[in-house]
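The structure under discussion appears below in the form of structure tokens.
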Amino acid sequence: MKKLFLSTVLLLSFFISKAQKTEIDKRALNYYTQEQISEMPDVKIKQVNFLYQQSFIIPEENIKKINPQDINIIDFNQSRLPNERAKVYLSDKNSKEGSENPELYFYLLSIEELQQAYKNIK
């Protein structure tokens with residue numbers, strides 16, 4: 001009986017620990033320590049991932065020219081506007097073509113849109 005109880009507890013704790021943590025976007029590793037990440041609730045990790053992966057829109061004409069994985073959104077966050085999307089331009093280090101091009105741009109979601117998205121993340 002003790003073995004069954006112990007096995008059940010171990011199995012449950014394994015599934016709970018696996019179900020709790022979402023993997024954080026690799027770009028966020030430059031700004032958070034492993035300790036901070038391990039202490040983050042799952043919803044916070046999902047919010048951080050949203051920031052890095054979905055808080056901007058690449059227009060159709062630039063989809064093939066801009067790799068979203070190359071965008072370090074932290075470099076652009078100060079350009080976010082309260083109630084409207086901001087158009088931001090990329091430097092050569094962010095373009096697939098490797099040269100500076102003023103035509104390479106994307107849009108940041110507004111602060112309001114970002115806050116609403118965070119509220120919807122569970």
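Labeling convention for the structure tokens: chains A, B, ... as they appear, residues from 1 per chain, ligands from 1 in order of appearance.
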
Next item on the list: For segment 107-118 of chain A, work out the shell of residues within 6 Å, counting only C-alpha atoms and skipping chain neighbours fewer than 3 positions away, then give it as a PyMOL selection string.
Entry: chain A and resi 47+55-57+80-87+121

Item checked: Which of A:Gln69, A:Thr33, A:Ser79, A:Thr22 sits closest to Tyr52 of chain A [using only C-alpha atoms] -> A:Gln69

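Note that atom CA of Ile71 of chain A and atom CA of Leu104 of chain A are 12.0 Å apart.
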
Check: Which polymer residues have any atom within 12 Å of an atom of Ser38 of chain A, counting only C-alpha atoms, with same-chain residues fewer than 6 positions away left out, as a list in words?
Finding: Ser17, Gln20, Lys21, Thr22, Glu23, Ile24, Leu29, Tyr32, Lys44 and Ile45 of chain A

Any chance you can output those residues with N, CA and C atoms as an mmCIF file, in the first residue's frame?
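Final file, result.cif:
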```
data_model
loop_
_atom_site.group_PDB
_atom_site.id
_atom_site.type_symbol
_atom_site.label_atom_id
_atom_site.label_comp_id
_atom_site.auth_asym_id
_atom_site.auth_seq_id
_atom_site.Cartn_x
_atom_site.Cartn_y
_atom_site.Cartn_z
ATOM 1 N N SER A 17 4.981 19.036 -12.561
ATOM 2 C CA SER A 17 6.175 19.830 -12.883
ATOM 3 C C SER A 17 6.353 19.971 -14.387
ATOM 4 N N GLN A 20 3.602 22.501 -15.796
ATOM 5 C CA GLN A 20 3.680 23.879 -15.338
ATOM 6 C C GLN A 20 4.515 24.772 -16.232
ATOM 7 N N LYS A 21 5.622 24.323 -16.700
ATOM 8 C CA LYS A 21 6.562 25.219 -17.359
ATOM 9 C C LYS A 21 6.493 25.171 -18.875
ATOM 10 N N THR A 22 6.276 26.339 -19.408
ATOM 11 C CA THR A 22 6.384 26.570 -20.835
ATOM 12 C C THR A 22 7.817 27.019 -21.067
ATOM 13 N N GLU A 23 8.385 26.622 -22.169
ATOM 14 C CA GLU A 23 9.757 27.029 -22.463
ATOM 15 C C GLU A 23 9.764 28.499 -22.887
ATOM 16 N N ILE A 24 10.697 29.248 -22.342
ATOM 17 C CA ILE A 24 10.782 30.677 -22.632
ATOM 18 C C ILE A 24 11.536 30.905 -23.948
ATOM 19 N N LEU A 29 16.478 34.938 -22.799
ATOM 20 C CA LEU A 29 17.560 34.451 -21.938
ATOM 21 C C LEU A 29 18.645 35.500 -21.723
ATOM 22 N N TYR A 32 16.912 37.562 -18.523
ATOM 23 C CA TYR A 32 16.486 36.894 -17.298
ATOM 24 C C TYR A 32 17.492 35.809 -16.923
ATOM 25 N N LYS A 44 3.327 34.117 -16.887
ATOM 26 C CA LYS A 44 4.342 35.154 -17.132
ATOM 27 C C LYS A 44 5.255 34.736 -18.287
ATOM 28 N N ILE A 45 5.637 33.476 -18.315
ATOM 29 C CA ILE A 45 6.477 32.986 -19.419
ATOM 30 C C ILE A 45 5.724 33.117 -20.738
#
```

Next item on the list: Grab the atom CA of Val48 of chain A to atom CA of Ile66 of chain A distance for me, in Å with one decimal place.
Entry: 21.0 Å

Next item on the list: Rank A:Asp42, A:Tyr89, A:Lys26, A:Ile58 by their smallest atom-to-atom distance to Phe76 of chain A, using only C-alpha atoms, and report the top residue only.
Entry: A:Tyr89
